[in-house]
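Chemist: One structure, pasted below without further comment.
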Amino acid sequence: MSEKEAIDDSKVNEENNEVDGENNEVDFDLQPKVEEELQDSEKQLGQAQTRLYKKRWIIVFLFSSYSLCNSFQWIQYGIIGNIFMHFYNVDAFTIDWMSMIYMLTYIPFIFPVTWLLDKKGLRVIALVATALNCAGTWIKVLSAKPNLFAVTFFGQFLCSFAQVFILGMPSRIASVWFGSQEVSTACSIGVFGNQVGIAIGFLVPPILVPNVEDKDELAHYISIMFYITAGVATLLFVLVIFVFQERPKLPPTQAQAVARSIPPEQYSYTASILRLLRNKPFVLLIITYGLNVGCFYAVGTLLNRMILEHYQGEEVNAGRIGLTIVIAGMLGSLICGVWLDRTKTYKQTTLAVYFMSLVGMIVYTATLNLGHLWVVFITAGALGFFMTGYLPLGFEFAVELTYPECEGTSSGLLNCSAQVFGIIFTICQGKIMDVYGTLAGNIFLCVFLLIGAVMTGFIKSDLRRQKANKTAEGQMAGLDYGATALITDKTQTPHPPPSQE
């Protein structure tokens, strides 16, 4: 062999044996079988490539923002229910429906919306959500007259319809955009927006809309609140149009890479629902999640009535107590999210938080009628820390129990359960309060929280997503080790002397 031919062969072998972006010089007498093994290893490594993008934080915070704007409107009527009763000349039960419409709308529409999510993806869902929310806010701007209750109810209906496209998305966004060590934190941030919106909904309406007798003056205050909401909703709609992205180019985790590899024609939405409903641990979680969150919905909707029964003229403080519940819950959500990312103790954490929600509800019930508002602030805060902090726990536990099913479907079923129980608990507790008072109504909720805590103890902790990530990472480590060992072995083999011509 000539010197020139030997040099050319060496260059070709160097180019054919690049691994992880680095050139490794190997024996130019590699057998064809060895070359094929290396190429197969490189191909498998390339298919499992993952990456985290900085834009993931923009996506989750944008979602959190439009979720905030929507959830604010859930409670904006109920927290000053006595004022809207006077303005529109309707009864308390009618005003309760301004909150319960959010729950009722969710139940029939969640299944077509999750089907749409599977078919069209996150961006379409985000666009529809913000468009509906924006339209609803502007319709409510037109309803600030005493004879236009039907118009304001229609605007609230559109906002409640938008919520169907929002409520179950945190776990889906977390899975699509975030790494395995931060999915629970990202899910908590997504839920965080919903909680901030509820907190603002408790705080701001009593400040913007004071309790005055003159309806013309009241209409002015209500219009200001509606215009502010519409302006924010419009801005967020525009941002979603230009900023929100469907998914990153490369998957963030091995589990997400596997989920992407499933051909769309092999996925059946109906079959997915049936598989979820045959998953016994998940069915138990559906019931327990509904009981806990349904109690929270009832407390939030009826809080104004509870406080005013014992503390007359304290509409503003009723809003502040609601704010305390949610702010404490936001803190609980973030702590629980970080804790899950570090420990992966889904079952233990969920059970502990559920039990403490029951304890918090008992203490709140026992102290509500003591006549000291500062005590109510403390006990309500403790209740909120655990009861509202439970929201992201339920989402993430569901994703673990149901992987690789669509996160939007599992979250949708959880939220559907919460809406059903929320309507039942709100109506029943409201009727109990009318006849027997707030103490009996709150005891009613305590009983169902106890049932939920006991049922949570029977949920089997089958963490499928964690198993998938560990399996994929183990396989990747094996491929990487095999390719490296193969190259090392060959590079350490003595080179035969070049032939001389």
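Simple scheme: letters A, B, ... for chains in structure tokens order, numbers from 1 for residues in each chain, numbers from 1 for ligands in the order shown.
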Leaving out Ile459 (chain A) and any residue of its chain fewer than 3 positions from it, which residues lie within 7 Å of it when counting only C-alpha atoms, given as a list in words?
Modeler: Pro281, Leu284 and Thr456 of chain A
Chemist: Do a neighbour search on region 423-436 of chain A at 9 Å with only C-alpha atoms, toss out local chain neighbours closer than 4 positions, and write the hits as a list in words.
Modeler: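 Near region 423-436 of chain A, the qualifying residues are Phe93, Asp96, Met100, Ile101, Met103, Leu104, Leu291, Gly294, Cys295, Tyr297, Ala298, Val299, Thr301, Leu302, Arg305, Met306, Ala418, Gln419, Ala440, Gly441, Asn442, Phe444 and Leu445 of chain A.
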Chemist: Using only C-alpha atoms, which of the listed residues (A:Ile173, A:Leu116, A:Leu236, A:Leu127) sits closest to Ile59 (chain A)?
Modeler: A:Ile173
Chemist: Write out as a list in words which residues come within 10 Å of Ser160 (chain A) when counting only C-alpha atoms, dropping same-chain ones fewer than 6 positions away.
Modeler: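 The filter keeps Asn70, Ser71, Gln73, Trp74, Met98, Ser99, Met100, Ile101, Tyr102, Met103, Leu104, Thr105, Tyr106, Ala129, Leu132, Asn133, Gly136, Phe154 and Ile166 of chain A.
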Chemist: For those residues, write C-alpha atoms to a file as a PDB file, in the first residue's frame.
Modeler:
```
ATOM      1  CA  ASN A  70     -59.839  33.617  33.779  1.00  0.00           C
ATOM      2  CA  SER A  71     -59.936  32.336  37.364  1.00  0.00           C
ATOM      3  CA  GLN A  73     -63.708  36.029  37.090  1.00  0.00           C
ATOM      4  CA  TRP A  74     -64.876  32.809  38.742  1.00  0.00           C
ATOM      5  CA  MET A  98     -72.361  32.898  38.574  1.00  0.00           C
ATOM      6  CA  SER A  99     -69.627  30.805  40.192  1.00  0.00           C
ATOM      7  CA  MET A 100     -71.213  27.397  39.682  1.00  0.00           C
ATOM      8  CA  ILE A 101     -71.548  28.024  35.929  1.00  0.00           C
ATOM      9  CA  TYR A 102     -67.774  27.510  35.796  1.00  0.00           C
ATOM     10  CA  MET A 103     -68.283  24.050  37.272  1.00  0.00           C
ATOM     11  CA  LEU A 104     -71.342  23.128  35.228  1.00  0.00           C
ATOM     12  CA  THR A 105     -69.858  24.158  31.863  1.00  0.00           C
ATOM     13  CA  TYR A 106     -66.760  22.063  32.448  1.00  0.00           C
ATOM     14  CA  ALA A 129     -59.043  29.731  25.577  1.00  0.00           C
ATOM     15  CA  LEU A 132     -63.219  33.020  24.537  1.00  0.00           C
ATOM     16  CA  ASN A 133     -62.001  34.681  27.713  1.00  0.00           C
ATOM     17  CA  GLY A 136     -66.579  37.121  27.596  1.00  0.00           C
ATOM     18  CA  PHE A 154     -73.802  35.124  29.010  1.00  0.00           C
ATOM     19  CA  ILE A 166     -57.309  26.035  30.700  1.00  0.00           C
TER      20      ILE A 166
END
```
Chemist: Pick out the residues sitting within 10 Å of Thr324 (chain A), and hand them over as a list in words; count only C-alpha atoms, and ignore anything fewer than 3 positions along from it in its own chain.
Modeler: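 My list of contacting residues is Ala199, Phe202, Leu203, Ala318, Gly319, Arg320, Ile321, Ile327, Ala328, Gly329, Met330, Val376, Phe377, Ile378, Thr379, Ala380, Gly381, Ala382, Leu383, Gly384 and Phe385 of chain A.
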Chemist: Write a file of the selected residues as a JSON list (two decimals), in the first residue's frame, keeping N, CA and C atoms.
Modeler:
```
[["chain", "number", "residue", "atom", "x", "y", "z"],
["A", 199, "ALA", "N", -57.15, 34.53, 44.13],
["A", 199, "ALA", "CA", -56.78, 35.44, 45.21],
["A", 199, "ALA", "C", -57.14, 36.88, 44.87],
["A", 202, "PHE", "N", -60.80, 37.43, 45.09],
["A", 202, "PHE", "CA", -61.28, 37.66, 46.46],
["A", 202, "PHE", "C", -60.97, 39.08, 46.93],
["A", 203, "LEU", "N", -59.81, 39.61, 46.53],
["A", 203, "LEU", "CA", -59.33, 40.88, 47.07],
["A", 203, "LEU", "C", -59.88, 42.11, 46.35],
["A", 318, "ALA", "N", -64.09, 39.81, 54.16],
["A", 318, "ALA", "CA", -64.41, 38.50, 53.57],
["A", 318, "ALA", "C", -63.50, 38.24, 52.37],
["A", 319, "GLY", "N", -63.30, 39.27, 51.55],
["A", 319, "GLY", "CA", -62.38, 39.15, 50.42],
["A", 319, "GLY", "C", -60.95, 38.91, 50.87],
["A", 320, "ARG", "N", -60.55, 39.57, 51.94],
["A", 320, "ARG", "CA", -59.18, 39.39, 52.44],
["A", 320, "ARG", "C", -58.97, 37.99, 53.02],
["A", 321, "ILE", "N", -60.01, 37.45, 53.63],
["A", 321, "ILE", "CA", -59.91, 36.07, 54.13],
["A", 321, "ILE", "C", -59.77, 35.10, 52.97],
["A", 327, "ILE", "N", -53.47, 32.68, 48.98],
["A", 327, "ILE", "CA", -52.04, 32.98, 49.08],
["A", 327, "ILE", "C", -51.32, 31.86, 49.85],
["A", 328, "ALA", "N", -51.93, 31.42, 50.94],
["A", 328, "ALA", "CA", -51.35, 30.30, 51.69],
["A", 328, "ALA", "C", -51.31, 29.05, 50.82],
["A", 329, "GLY", "N", -52.35, 28.84, 50.03],
["A", 329, "GLY", "CA", -52.38, 27.69, 49.13],
["A", 329, "GLY", "C", -51.32, 27.76, 48.05],
["A", 330, "MET", "N", -51.05, 28.96, 47.54],
["A", 330, "MET", "CA", -49.99, 29.12, 46.55],
["A", 330, "MET", "C", -48.64, 28.72, 47.13],
["A", 376, "VAL", "N", -60.00, 33.90, 62.48],
["A", 376, "VAL", "CA", -60.49, 33.36, 61.21],
["A", 376, "VAL", "C", -59.42, 33.49, 60.13],
["A", 377, "PHE", "N", -58.71, 34.61, 60.12],
["A", 377, "PHE", "CA", -57.63, 34.79, 59.14],
["A", 377, "PHE", "C", -56.58, 33.67, 59.29],
["A", 378, "ILE", "N", -56.21, 33.35, 60.53],
["A", 378, "ILE", "CA", -55.17, 32.34, 60.77],
["A", 378, "ILE", "C", -55.66, 30.95, 60.37],
["A", 379, "THR", "N", -56.86, 30.59, 60.82],
["A", 379, "THR", "CA", -57.37, 29.25, 60.53],
["A", 379, "THR", "C", -57.69, 29.08, 59.04],
["A", 380, "ALA", "N", -58.18, 30.16, 58.41],
["A", 380, "ALA", "CA", -58.45, 30.09, 56.97],
["A", 380, "ALA", "C", -57.14, 29.93, 56.19],
["A", 381, "GLY", "N", -56.09, 30.61, 56.65],
["A", 381, "GLY", "CA", -54.80, 30.47, 55.99],
["A", 381, "GLY", "C", -54.26, 29.05, 56.09],
["A", 382, "ALA", "N", -54.40, 28.45, 57.27],
["A", 382, "ALA", "CA", -53.96, 27.06, 57.45],
["A", 382, "ALA", "C", -54.76, 26.12, 56.55],
["A", 383, "LEU", "N", -56.07, 26.35, 56.46],
["A", 383, "LEU", "CA", -56.91, 25.55, 55.58],
["A", 383, "LEU", "C", -56.46, 25.67, 54.13],
["A", 384, "GLY", "N", -56.21, 26.91, 53.68],
["A", 384, "GLY", "CA", -55.81, 27.14, 52.30],
["A", 384, "GLY", "C", -54.47, 26.53, 51.96],
["A", 385, "PHE", "N", -53.53, 26.57, 52.92],
["A", 385, "PHE", "CA", -52.20, 26.03, 52.68],
["A", 385, "PHE", "C", -52.26, 24.58, 52.22]]
```
Chemist: So that I can check the surroundings of region 460-468 of chain A, please list as a VMD selection string every protein, DNA and RNA residue that reaches within 12 Å of it, counting only C-alpha atoms and ignoring chain neighbours fewer than 4 positions away.
Modeler: chain A and resid 175 179 to 181 183 253 to 259 279 to 285 340 to 341 343 to 351 396 to 407 455 to 456 472 to 475
Chemist: Residues as selected, C-alpha atoms, written as a PDB file, in the first residue's frame, can you do that?
Modeler:
```pdb
ATOM      1  CA  SER A 175     -44.567  17.231  30.521  1.00  0.00           C
ATOM      2  CA  GLY A 179     -37.251  17.989  32.419  1.00  0.00           C
ATOM      3  CA  SER A 180     -38.003  15.107  34.761  1.00  0.00           C
ATOM      4  CA  GLN A 181     -36.468  16.951  37.725  1.00  0.00           C
ATOM      5  CA  VAL A 183     -42.065  18.800  36.000  1.00  0.00           C
ATOM      6  CA  THR A 253     -37.194  13.835  28.711  1.00  0.00           C
ATOM      7  CA  GLN A 254     -36.841  10.231  27.592  1.00  0.00           C
ATOM      8  CA  ALA A 255     -40.482   9.612  28.584  1.00  0.00           C
ATOM      9  CA  GLN A 256     -41.616  12.459  26.327  1.00  0.00           C
ATOM     10  CA  ALA A 257     -39.434  11.108  23.514  1.00  0.00           C
ATOM     11  CA  VAL A 258     -41.217   7.759  23.815  1.00  0.00           C
ATOM     12  CA  ALA A 259     -44.621   9.503  23.851  1.00  0.00           C
ATOM     13  CA  ASN A 279     -57.054   1.938  36.130  1.00  0.00           C
ATOM     14  CA  LYS A 280     -58.214   1.358  39.733  1.00  0.00           C
ATOM     15  CA  PRO A 281     -55.649   3.616  41.479  1.00  0.00           C
ATOM     16  CA  PHE A 282     -56.542   6.439  39.101  1.00  0.00           C
ATOM     17  CA  VAL A 283     -60.292   5.947  39.628  1.00  0.00           C
ATOM     18  CA  LEU A 284     -59.733   6.261  43.380  1.00  0.00           C
ATOM     19  CA  LEU A 285     -57.737   9.427  42.762  1.00  0.00           C
ATOM     20  CA  LEU A 340     -42.101  16.109  44.766  1.00  0.00           C
ATOM     21  CA  ASP A 341     -39.300  16.943  42.337  1.00  0.00           C
ATOM     22  CA  THR A 343     -38.308  13.090  46.672  1.00  0.00           C
ATOM     23  CA  LYS A 344     -40.835  11.588  44.187  1.00  0.00           C
ATOM     24  CA  THR A 345     -42.957  10.550  47.217  1.00  0.00           C
ATOM     25  CA  TYR A 346     -46.288  11.115  45.464  1.00  0.00           C
ATOM     26  CA  LYS A 347     -48.493   8.805  47.540  1.00  0.00           C
ATOM     27  CA  GLN A 348     -47.072   9.822  50.933  1.00  0.00           C
ATOM     28  CA  THR A 349     -47.195  13.564  50.189  1.00  0.00           C
ATOM     29  CA  THR A 350     -50.721  13.410  48.769  1.00  0.00           C
ATOM     30  CA  LEU A 351     -52.013  11.498  51.796  1.00  0.00           C
ATOM     31  CA  GLU A 396     -48.855  15.148  39.062  1.00  0.00           C
ATOM     32  CA  PHE A 397     -49.920  11.985  40.882  1.00  0.00           C
ATOM     33  CA  ALA A 398     -52.454  11.374  38.093  1.00  0.00           C
ATOM     34  CA  VAL A 399     -49.796  11.720  35.385  1.00  0.00           C
ATOM     35  CA  GLU A 400     -47.602   9.208  37.216  1.00  0.00           C
ATOM     36  CA  LEU A 401     -50.449   6.701  37.582  1.00  0.00           C
ATOM     37  CA  THR A 402     -51.607   6.978  33.958  1.00  0.00           C
ATOM     38  CA  TYR A 403     -48.430   7.370  31.848  1.00  0.00           C
ATOM     39  CA  PRO A 404     -48.234   7.233  28.823  1.00  0.00           C
ATOM     40  CA  GLU A 405     -51.835   8.428  28.467  1.00  0.00           C
ATOM     41  CA  CYS A 406     -52.354  12.066  27.501  1.00  0.00           C
ATOM     42  CA  GLU A 407     -51.880  14.395  30.481  1.00  0.00           C
ATOM     43  CA  MET A 455     -59.806   6.512  50.305  1.00  0.00           C
ATOM     44  CA  THR A 456     -56.455   8.149  49.487  1.00  0.00           C
ATOM     45  CA  ALA A 472     -34.903   4.894  29.105  1.00  0.00           C
ATOM     46  CA  GLU A 473     -31.960   6.491  30.920  1.00  0.00           C
ATOM     47  CA  GLY A 474     -30.601   3.045  31.791  1.00  0.00           C
ATOM     48  CA  GLN A 475     -30.825   1.956  28.169  1.00  0.00           C
TER      49      GLN A 475
END
```
Chemist: Per residue of region 391-487 of chain A within 8 Å of region 358-366 of chain A, what are the shortest atom pair and its distance in Å to one decimal, counting only C-alpha atoms, with rows by chain and residue number, as a Markdown table?
Modeler:
```
| residue | atom | partner | partner_atom | distance |
| --- | --- | --- | --- | --- |
| A:Leu439 | CA | A:Thr365 | CA | 6.3 |
| A:Asn442 | CA | A:Thr365 | CA | 5.9 |
| A:Ile443 | CA | A:Thr365 | CA | 7.2 |
| A:Cys446 | CA | A:Met361 | CA | 6.4 |
| A:Leu449 | CA | A:Leu358 | CA | 5.6 |
| A:Leu450 | CA | A:Leu358 | CA | 6.4 |
| A:Ala453 | CA | A:Leu358 | CA | 7.7 |
```
Chemist: Give me a file of those residues, with N, CA and C atoms, as a PDB file, in the first residue's frame.
Modeler:
```
ATOM      1  N   LEU A 439     -72.253  26.447  60.743  1.00  0.00           N
ATOM      2  CA  LEU A 439     -71.583  25.346  61.441  1.00  0.00           C
ATOM      3  C   LEU A 439     -71.973  24.009  60.850  1.00  0.00           C
ATOM      4  N   ASN A 442     -70.442  23.509  57.332  1.00  0.00           N
ATOM      5  CA  ASN A 442     -69.022  23.173  57.326  1.00  0.00           C
ATOM      6  C   ASN A 442     -68.764  21.752  57.840  1.00  0.00           C
ATOM      7  N   ILE A 443     -69.566  21.296  58.796  1.00  0.00           N
ATOM      8  CA  ILE A 443     -69.450  19.908  59.256  1.00  0.00           C
ATOM      9  C   ILE A 443     -69.755  18.948  58.109  1.00  0.00           C
ATOM     10  N   CYS A 446     -66.644  18.566  56.227  1.00  0.00           N
ATOM     11  CA  CYS A 446     -65.650  17.797  56.982  1.00  0.00           C
ATOM     12  C   CYS A 446     -65.863  16.295  56.822  1.00  0.00           C
ATOM     13  N   LEU A 449     -64.445  15.224  53.493  1.00  0.00           N
ATOM     14  CA  LEU A 449     -62.980  15.257  53.507  1.00  0.00           C
ATOM     15  C   LEU A 449     -62.415  14.048  54.243  1.00  0.00           C
ATOM     16  N   LEU A 450     -63.083  13.626  55.308  1.00  0.00           N
ATOM     17  CA  LEU A 450     -62.657  12.425  56.026  1.00  0.00           C
ATOM     18  C   LEU A 450     -62.751  11.195  55.124  1.00  0.00           C
ATOM     19  N   ALA A 453     -59.875  11.304  52.643  1.00  0.00           N
ATOM     20  CA  ALA A 453     -58.574  10.987  53.236  1.00  0.00           C
ATOM     21  C   ALA A 453     -58.409   9.476  53.402  1.00  0.00           C
TER      22      ALA A 453
END
```
Chemist: Could you give me, as a compact mmCIF listing (two decimals) with N, CA, C and O atoms, in the first residue's frame, the residues within 12 Å of Tyr311 (chain A), counting only C-alpha atoms and dropping anything in the same chain fewer than 4 positions from it?
Modeler:
```txt
# COMPACT_ATOMS: atom_id res chain seq x y z
N LEU A 303 -68.11 31.82 50.75
CA LEU A 303 -67.34 32.50 51.79
C LEU A 303 -67.99 33.82 52.20
O LEU A 303 -68.04 34.15 53.40
N ASN A 304 -68.47 34.59 51.25
CA ASN A 304 -69.11 35.87 51.57
C ASN A 304 -70.29 35.66 52.52
O ASN A 304 -70.44 36.40 53.52
N ARG A 305 -71.10 34.66 52.26
CA ARG A 305 -72.25 34.39 53.12
C ARG A 305 -71.81 33.91 54.49
O ARG A 305 -72.41 34.29 55.52
N MET A 306 -70.77 33.07 54.55
CA MET A 306 -70.27 32.58 55.84
C MET A 306 -69.80 33.73 56.73
O MET A 306 -70.14 33.80 57.92
N ILE A 307 -68.99 34.62 56.15
CA ILE A 307 -68.41 35.70 56.95
C ILE A 307 -69.47 36.70 57.37
O ILE A 307 -69.53 37.13 58.54
N GLU A 315 -67.64 42.94 54.13
CA GLU A 315 -67.41 42.43 52.78
C GLU A 315 -65.93 42.46 52.39
O GLU A 315 -65.41 41.52 51.79
N VAL A 316 -65.25 43.56 52.74
CA VAL A 316 -63.84 43.70 52.37
C VAL A 316 -63.00 42.65 53.09
O VAL A 316 -62.12 42.02 52.49
N ASN A 317 -63.28 42.44 54.38
CA ASN A 317 -62.52 41.42 55.11
C ASN A 317 -62.85 40.00 54.63
O ASN A 317 -62.00 39.11 54.70
N ALA A 318 -64.09 39.81 54.16
CA ALA A 318 -64.41 38.50 53.57
C ALA A 318 -63.50 38.24 52.37
O ALA A 318 -62.98 37.12 52.19
N LEU A 368 -64.87 29.73 63.40
CA LEU A 368 -65.52 30.75 62.58
C LEU A 368 -66.46 31.65 63.38
O LEU A 368 -66.55 32.85 63.13
N ASN A 369 -67.14 31.07 64.37
CA ASN A 369 -68.16 31.84 65.10
C ASN A 369 -67.67 32.37 66.45
O ASN A 369 -68.48 32.71 67.32
N LEU A 370 -66.36 32.45 66.66
CA LEU A 370 -65.84 32.92 67.94
C LEU A 370 -65.92 34.43 68.10
O LEU A 370 -65.76 34.95 69.21
N GLY A 371 -66.12 35.14 67.00
CA GLY A 371 -66.24 36.60 67.07
C GLY A 371 -64.93 37.34 66.91
O GLY A 371 -64.89 38.57 67.06
N HIS A 372 -63.84 36.65 66.58
CA HIS A 372 -62.54 37.29 66.40
C HIS A 372 -62.07 37.05 64.95
O HIS A 372 -61.67 35.94 64.59
N LEU A 373 -62.07 38.11 64.14
CA LEU A 373 -61.70 37.96 62.75
C LEU A 373 -60.25 37.53 62.57
O LEU A 373 -59.91 36.79 61.65
N TRP A 374 -59.37 37.98 63.46
CA TRP A 374 -57.96 37.63 63.31
C TRP A 374 -57.75 36.12 63.44
O TRP A 374 -56.87 35.54 62.80
N VAL A 376 -60.00 33.90 62.48
CA VAL A 376 -60.49 33.36 61.21
C VAL A 376 -59.42 33.49 60.13
O VAL A 376 -59.24 32.57 59.32
```
